[in-house]
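Pasting my_file_36.cif here (mmCIF, C-alpha atoms and all ligand atoms):
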data_data
loop_
_atom_site.label_atom_id
_atom_site.label_comp_id
_atom_site.auth_asym_id
_atom_site.auth_seq_id
_atom_site.Cartn_x
_atom_site.Cartn_y
_atom_site.Cartn_z
CA MET S 1 9.89 -24.34 32.80
CA MET S 2 11.52 -21.10 31.60
CA ASN S 3 13.04 -22.78 28.54
CA ASN S 4 9.69 -24.37 27.80
CA ARG S 5 7.95 -21.02 28.08
CA PHE S 6 10.17 -19.34 25.51
CA ILE S 7 11.11 -22.34 23.36
CA ARG S 8 9.48 -20.90 20.24
CA GLN S 9 11.50 -17.66 20.34
CA LEU S 10 14.78 -19.14 21.60
CA THR S 11 15.10 -20.84 18.22
CA VAL S 12 14.73 -17.57 16.27
CA PRO S 13 18.26 -16.93 14.93
CA GLU S 14 18.05 -13.13 15.20
CA PHE S 15 17.09 -13.40 18.90
CA GLY S 16 18.09 -16.73 20.44
CA GLU S 17 19.27 -17.47 23.99
CA ASN S 18 21.44 -14.36 24.02
CA GLY S 19 18.43 -12.18 23.20
CA GLN S 20 16.41 -13.87 25.92
CA LYS S 21 19.11 -13.26 28.54
CA ILE S 22 19.44 -9.62 27.49
CA LEU S 23 15.68 -9.09 27.57
CA GLU S 24 15.39 -10.62 31.03
CA SER S 25 18.26 -8.59 32.50
CA ASN S 26 17.22 -5.13 31.30
CA HIS S 27 14.78 -2.68 32.87
CA VAL S 28 12.24 -1.42 30.32
CA GLY S 29 10.31 1.83 30.79
CA ILE S 30 7.03 2.56 28.99
CA ILE S 31 5.49 6.03 29.00
CA GLY S 32 1.77 5.99 28.40
CA CYS S 33 -0.51 2.97 28.78
CA GLY S 34 -2.94 3.58 25.92
CA GLY S 35 -2.96 2.21 22.38
CA LEU S 36 0.80 1.91 22.00
CA GLY S 37 1.78 1.48 25.66
CA SER S 38 -0.65 -1.33 26.49
CA HIS S 39 0.53 -3.34 23.47
CA LEU S 40 4.18 -2.61 24.24
CA ALA S 41 3.75 -3.79 27.83
CA ASP S 42 1.88 -6.90 26.69
CA PHE S 43 4.56 -7.78 24.10
CA PHE S 44 7.54 -7.21 26.40
CA VAL S 45 6.11 -9.11 29.37
CA ARG S 46 5.02 -12.05 27.23
CA MET S 47 8.49 -12.13 25.62
CA GLY S 48 10.26 -12.24 28.98
CA VAL S 49 11.01 -8.78 30.39
CA GLN S 50 11.37 -9.17 34.15
CA THR S 51 11.55 -5.52 35.26
CA LEU S 52 9.13 -2.95 33.89
CA THR S 53 8.21 0.66 34.68
CA ILE S 54 4.89 2.01 33.37
CA ILE S 55 3.71 5.61 33.69
CA ASP S 56 0.27 7.09 32.94
CA ASP S 57 -2.10 9.40 34.79
CA ASP S 58 -5.31 8.50 32.92
CA CYS S 59 -8.17 6.12 33.60
CA VAL S 60 -9.51 3.59 31.09
CA GLU S 61 -12.30 5.07 28.95
CA LEU S 62 -14.78 3.40 26.60
CA SER S 63 -13.17 5.23 23.65
CA ASN S 64 -9.81 3.54 24.46
CA LEU S 65 -11.04 -0.02 23.95
CA HIS S 66 -10.92 -0.10 20.14
CA ARG S 67 -7.13 0.31 19.99
CA THR S 68 -5.70 -0.97 23.30
CA ALA S 69 -4.58 -4.38 24.54
CA LEU S 70 -5.81 -6.17 27.67
CA TYR S 71 -8.42 -3.63 28.90
CA THR S 72 -12.09 -4.61 29.05
CA GLU S 73 -15.39 -2.80 29.75
CA LYS S 74 -15.00 -3.81 33.41
CA ASP S 75 -11.84 -1.67 33.60
CA ILE S 76 -13.56 1.59 32.55
CA GLY S 77 -12.94 4.29 35.16
CA THR S 78 -9.94 2.56 36.76
CA PRO S 79 -6.37 3.92 36.46
CA LYS S 80 -4.64 2.44 33.42
CA THR S 81 -1.47 1.72 35.38
CA THR S 82 -3.12 -0.35 38.12
CA THR S 83 -5.37 -2.16 35.66
CA LEU S 84 -2.53 -2.89 33.24
CA SER S 85 -0.33 -4.08 36.15
CA LYS S 86 -3.01 -6.56 37.17
CA HIS S 87 -3.22 -8.00 33.65
CA LEU S 88 0.57 -8.11 33.25
CA LEU S 89 1.06 -9.87 36.59
CA ALA S 90 -1.50 -12.47 35.48
CA ILE S 91 0.76 -13.14 32.46
CA ASN S 92 3.88 -13.39 34.65
CA PRO S 93 3.41 -13.27 38.45
CA ARG S 94 7.19 -12.92 38.93
CA LEU S 95 7.30 -9.63 36.99
CA LYS S 96 8.82 -6.74 38.95
CA ILE S 97 6.59 -3.84 37.94
CA HIS S 98 6.88 -0.20 38.95
CA ALA S 99 3.53 1.42 38.10
CA HIS S 100 3.28 5.19 38.48
CA THR S 101 -0.14 6.83 38.21
CA THR S 102 1.17 10.25 37.41
CA ARG S 103 1.98 12.52 34.49
CA LEU S 104 5.61 12.60 33.49
CA THR S 105 6.91 16.08 34.32
CA ALA S 106 10.28 17.79 34.59
CA PRO S 107 10.55 17.30 38.38
CA ASN S 108 9.77 13.55 38.33
CA THR S 109 11.28 12.36 35.04
CA GLU S 110 14.76 11.50 36.31
CA GLN S 111 13.42 9.86 39.45
CA LEU S 112 10.99 7.64 37.49
CA LEU S 113 13.07 6.75 34.44
CA ALA S 114 16.80 7.19 35.06
CA SER S 115 17.16 3.57 36.22
CA CYS S 116 15.68 2.18 32.97
CA ASN S 117 17.99 0.68 30.34
CA ILE S 118 15.61 1.55 27.50
CA ILE S 119 12.45 3.67 27.21
CA LEU S 120 9.48 3.13 24.89
CA ASP S 121 7.25 6.02 23.88
CA GLY S 122 3.54 5.32 24.21
CA THR S 123 2.47 8.88 24.84
CA ASP S 124 0.63 11.18 22.46
CA ASN S 125 2.15 14.31 23.94
CA ILE S 126 4.84 16.21 22.04
CA PRO S 127 6.37 18.13 25.02
CA THR S 128 6.70 14.82 26.90
CA ARG S 129 8.76 13.45 24.00
CA TYR S 130 11.15 16.40 24.14
CA LEU S 131 11.41 15.85 27.91
CA VAL S 132 12.22 12.15 27.42
CA ASN S 133 14.72 13.03 24.71
CA GLU S 134 16.62 15.30 27.09
CA LEU S 135 16.61 12.59 29.77
CA SER S 136 17.86 10.13 27.15
CA VAL S 137 20.75 12.36 26.14
CA LYS S 138 21.66 13.33 29.71
CA HIS S 139 21.67 9.74 31.03
CA HIS S 140 22.67 7.92 27.80
CA ILE S 141 19.45 5.90 27.77
CA PRO S 142 18.18 4.82 24.33
CA TRP S 143 14.50 5.28 23.56
CA VAL S 144 12.08 4.47 20.76
CA TYR S 145 9.66 7.18 19.67
CA ALA S 146 6.40 6.30 17.95
CA GLY S 147 3.38 8.20 16.76
CA VAL S 148 0.13 7.10 15.13
CA TYR S 149 -2.30 9.00 12.95
CA SER S 150 -5.21 7.52 11.01
CA THR S 151 -3.57 4.53 9.23
CA ILE S 152 0.04 5.76 9.45
CA GLY S 153 2.68 5.10 12.08
CA MET S 154 6.08 6.70 12.54
CA ILE S 155 8.86 5.03 14.51
CA LEU S 156 12.30 6.36 15.37
CA ALA S 157 14.91 4.70 17.58
CA ILE S 158 17.23 7.09 19.40
CA ILE S 159 20.66 5.88 20.52
CA PRO S 160 22.07 9.07 22.05
CA ALA S 161 25.64 7.80 22.44
CA SER S 162 26.10 7.20 18.73
CA GLY S 163 23.32 8.71 16.62
CA PRO S 164 21.00 11.67 16.19
CA CYS S 165 18.56 12.54 18.93
CA PHE S 166 14.85 13.27 18.56
CA SER S 167 15.54 17.03 18.37
CA CYS S 168 18.06 16.49 15.54
CA VAL S 169 15.28 14.90 13.47
CA HIS S 170 12.31 16.95 14.75
CA PRO S 171 13.65 20.31 16.03
CA THR S 172 10.22 21.95 16.41
CA LEU S 173 7.16 19.73 16.52
CA SER S 174 3.97 21.20 17.94
CA GLN S 175 1.04 19.42 19.53
CA PRO S 176 -1.81 18.70 17.05
CA SER S 177 -4.88 20.83 17.76
CA GLU S 178 -7.35 17.94 17.28
CA THR S 179 -8.74 16.52 20.50
CA ASN S 180 -9.76 13.19 18.95
CA ILE S 181 -6.87 12.20 16.69
CA PRO S 182 -8.07 9.59 14.15
CA VAL S 183 -6.54 6.13 14.70
CA ILE S 184 -7.74 2.90 13.14
CA GLY S 185 -8.02 0.25 15.85
CA HIS S 186 -5.33 -2.19 14.75
CA LEU S 187 -2.64 0.43 13.98
CA PRO S 188 -1.16 0.79 17.51
CA ALA S 189 -0.53 -2.97 17.74
CA ALA S 190 1.39 -2.92 14.43
CA VAL S 191 3.41 0.16 15.36
CA ALA S 192 4.13 -1.17 18.87
CA ALA S 193 5.38 -4.39 17.28
CA ILE S 194 7.85 -2.41 15.14
CA GLN S 195 8.90 -0.39 18.21
CA CYS S 196 9.47 -3.66 20.06
CA SER S 197 11.73 -4.95 17.26
CA GLU S 198 13.74 -1.71 17.23
CA ALA S 199 14.13 -1.86 21.02
CA LEU S 200 15.29 -5.49 20.93
CA LYS S 201 17.88 -4.63 18.25
CA ILE S 202 19.13 -1.73 20.39
CA LEU S 203 19.56 -4.10 23.36
CA LEU S 204 21.29 -6.65 21.12
CA GLY S 205 23.54 -3.95 19.63
CA THR S 206 22.45 -4.70 16.06
CA LEU S 207 20.35 -1.64 15.16
CA SER S 208 21.17 1.01 12.55
CA PRO S 209 18.45 3.58 13.28
CA LYS S 210 16.21 4.84 10.49
CA LEU S 211 13.04 6.89 10.56
CA ILE S 212 10.35 4.34 9.72
CA ILE S 213 7.03 5.44 8.22
CA TYR S 214 4.47 2.68 7.88
CA ASN S 215 1.06 2.88 6.23
CA LEU S 216 -1.02 0.01 7.57
CA TRP S 217 -3.65 0.49 4.86
CA THR S 218 -1.43 0.43 1.77
CA GLN S 219 1.33 -1.66 3.43
CA GLN S 220 3.92 0.83 2.22
CA ILE S 221 6.91 1.13 4.52
CA ASP S 222 9.66 3.73 4.11
CA HIS S 223 13.03 3.79 5.87
CA LEU S 224 14.58 7.25 5.86
CA ASP S 225 18.20 8.01 6.72
CA ILE S 226 18.64 10.36 9.65
CA GLN S 227 21.59 12.61 10.44
CA LYS S 228 22.95 14.18 13.57
CA ASN S 229 22.55 17.98 13.55
CA PRO S 230 25.96 19.42 14.54
CA ASP S 231 24.15 22.46 15.97
CA CYS S 232 21.57 20.45 17.94
CA PRO S 233 21.13 22.25 21.28
CA ILE S 234 20.26 18.98 23.02
CA CYS S 235 22.71 16.26 21.99
CA CYS S 236 25.59 18.48 20.80
CA LYS S 237 25.39 21.32 23.32
CA GLN S 238 23.58 19.73 26.29
CA GLN S 239 21.31 22.79 26.54
CA PHE S 240 18.30 21.22 28.20
CA SER S 241 15.12 23.27 28.38
CA TYR S 242 12.36 20.74 29.16
CA LEU S 243 14.17 19.00 32.02
CA LYS S 244 14.58 22.37 33.74
CA LYS S 245 10.94 23.47 33.48
ZN ZN D 301 20.28 16.13 18.69
#

Just give me the structure as C-alpha cells.
Amino acid sequence: MMNNRFIRQLTVPEFGENGQKILESNHVGIIGCGGLGSHLADFFVRMGVQTLTIIDDDCVELSNLHRTALYTEKDIGTPKTTTLSKHLLAINPRLKIHAHTTRLTAPNTEQLLASCNIILDGTDNIPTRYLVNELSVKHHIPWVYAGVYSTIGMILAIIPASGPCFSCVHPTLSQPSETNIPVIGHLPAAVAAIQCSEALKILLGTLSPKLIIYNLWTQQIDHLDIQKNPDCPICCKQQFSYLKK
C-alpha cells in the first residue's frame, strides 16, 4: 500500500526510494500554521513525513482563508494547530503529530524544537526567526527561512554546520510596521513549495544554499550567493542573545 501511495514520486530521479526513506525517518518542525505553514504541513504530510511538530498560538480568521491550505469557514475561531492537525490526520491517520498551541519563546524553543531534524519557517515574526537561527546554530539543526510580501517571496536555507547562518545574511532585520502585510493569495503556496524543495535537498545532502528571490507576478527568480560572516556573533562566536531572553 505504501509503495502504491507514493508510486508517482518514487520514480522521480532526484528523489526516488532513498528520498522517500529519508523523508519518512526525519522529524520535521514547522513554526507558524498560516499561509506558509499550512501549505508546508500539507505538502510534507502528503509526501510522506511521519513525524511532524507544528507550533502556532493563533486561531483561524476569515482573513486567513485567501492564502492558507486546508482551513474552511467552519474552522474560524478554532486554534490553527488543532484544526490543522485534524486535517493532516485525515490525510494520514498514522502521522505522529506534536501540535503546540503556543507562541515560540526563548524558554520553550529548545524543548519544542531541539528534537527536530529540520525546521521550516512559516512565521511572519522577525525576532522569532533570530530565535530559531540561534537554536539552529546551537543544536546543528538546518532550517529554511521564508518571507512573503505582495507578489514576492524570499527563501533561504540555513545549514549551520557548513554555511552562513541567517544572521550572516541578515544581521539586523526589523519587524515591518504594517499590520496587514499585502500578500496575493497564491504566493504562500508557491514559496512553501520552494521551501519544501530546499528542505528535501538538505535532507538528501544535495543542496548548495542560495538566497532565492521569486516574483510570482513576473516569474523572475534570482539566486544570490551568500557568504559566511567571519565576525558573525551567532555562528562564529556562539554569542546567543535571543535564546537567553
Ligand atoms: Zn552567522

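Counting all atoms listed in the file, the residue from S:Gln20, S:Gln175, S:Ser115, S:Thr151 that sits nearest to Ser136 of chain S is S:Ser115.
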
* Asked: When the cut-off is 10 Å and you count all atoms listed in the file, which residues lie near ligand ZN 301 (chain D), shown as a VMD selection string?
  -> chain S and resid 133 to 134 137 158 160 163 to 171 227 to 238

* Contacts of Lys201 of chain S at 10 Å or less, counting all atoms listed in the file, minus same-chain residues fewer than 5 places along, as a list of chain:residue names? -> S:Glu14, S:Phe15, S:Gly19, S:Ala157, S:Gln195, S:Cys196, S:Thr206, S:Leu207, S:Ser208, S:Pro209

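Using all atoms listed in the file for every distance, the candidate list S:Ser38, S:Gln220, S:Ser241, S:Thr72 yields S:Ser38 as the residue closest to Thr123 of chain S.
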
If you count only C-alpha atoms, which residues fall within 12 Å of Lys21 of chain S, apart from same-chain ones fewer than 6 positions away, as an mmCIF file with C-alpha atoms, in the coordinates of the input?
data_model
loop_
_atom_site.group_PDB
_atom_site.id
_atom_site.type_symbol
_atom_site.label_atom_id
_atom_site.label_comp_id
_atom_site.auth_asym_id
_atom_site.auth_seq_id
_atom_site.Cartn_x
_atom_site.Cartn_y
_atom_site.Cartn_z
ATOM 1 C CA MET S 2 11.520 -21.100 31.600
ATOM 2 C CA ASN S 3 13.040 -22.780 28.540
ATOM 3 C CA PHE S 6 10.170 -19.340 25.510
ATOM 4 C CA LEU S 10 14.780 -19.140 21.600
ATOM 5 C CA PHE S 15 17.090 -13.400 18.900
ATOM 6 C CA MET S 47 8.490 -12.130 25.620
ATOM 7 C CA GLY S 48 10.260 -12.240 28.980
ATOM 8 C CA VAL S 49 11.010 -8.780 30.390
ATOM 9 C CA GLN S 50 11.370 -9.170 34.150
ATOM 10 C CA LEU S 200 15.290 -5.490 20.930
ATOM 11 C CA LEU S 203 19.560 -4.100 23.360
ATOM 12 C CA LEU S 204 21.290 -6.650 21.120
#

* To do: In Å, rounded to a single decimal, give me how far atom CA of Ser63 of chain S is from atom CA of Gly153 of chain S.
  => 19.6 Å

* Using all atoms listed in the file, which of the listed residues (S:Asn92, S:Asn26, S:Thr81, S:Ser150) sits closest to Asn180 of chain S? ->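 Of S:Asn92, S:Asn26, S:Thr81, S:Ser150, the one nearest Asn180 of chain S, counting all atoms listed in the file, is S:Ser150.
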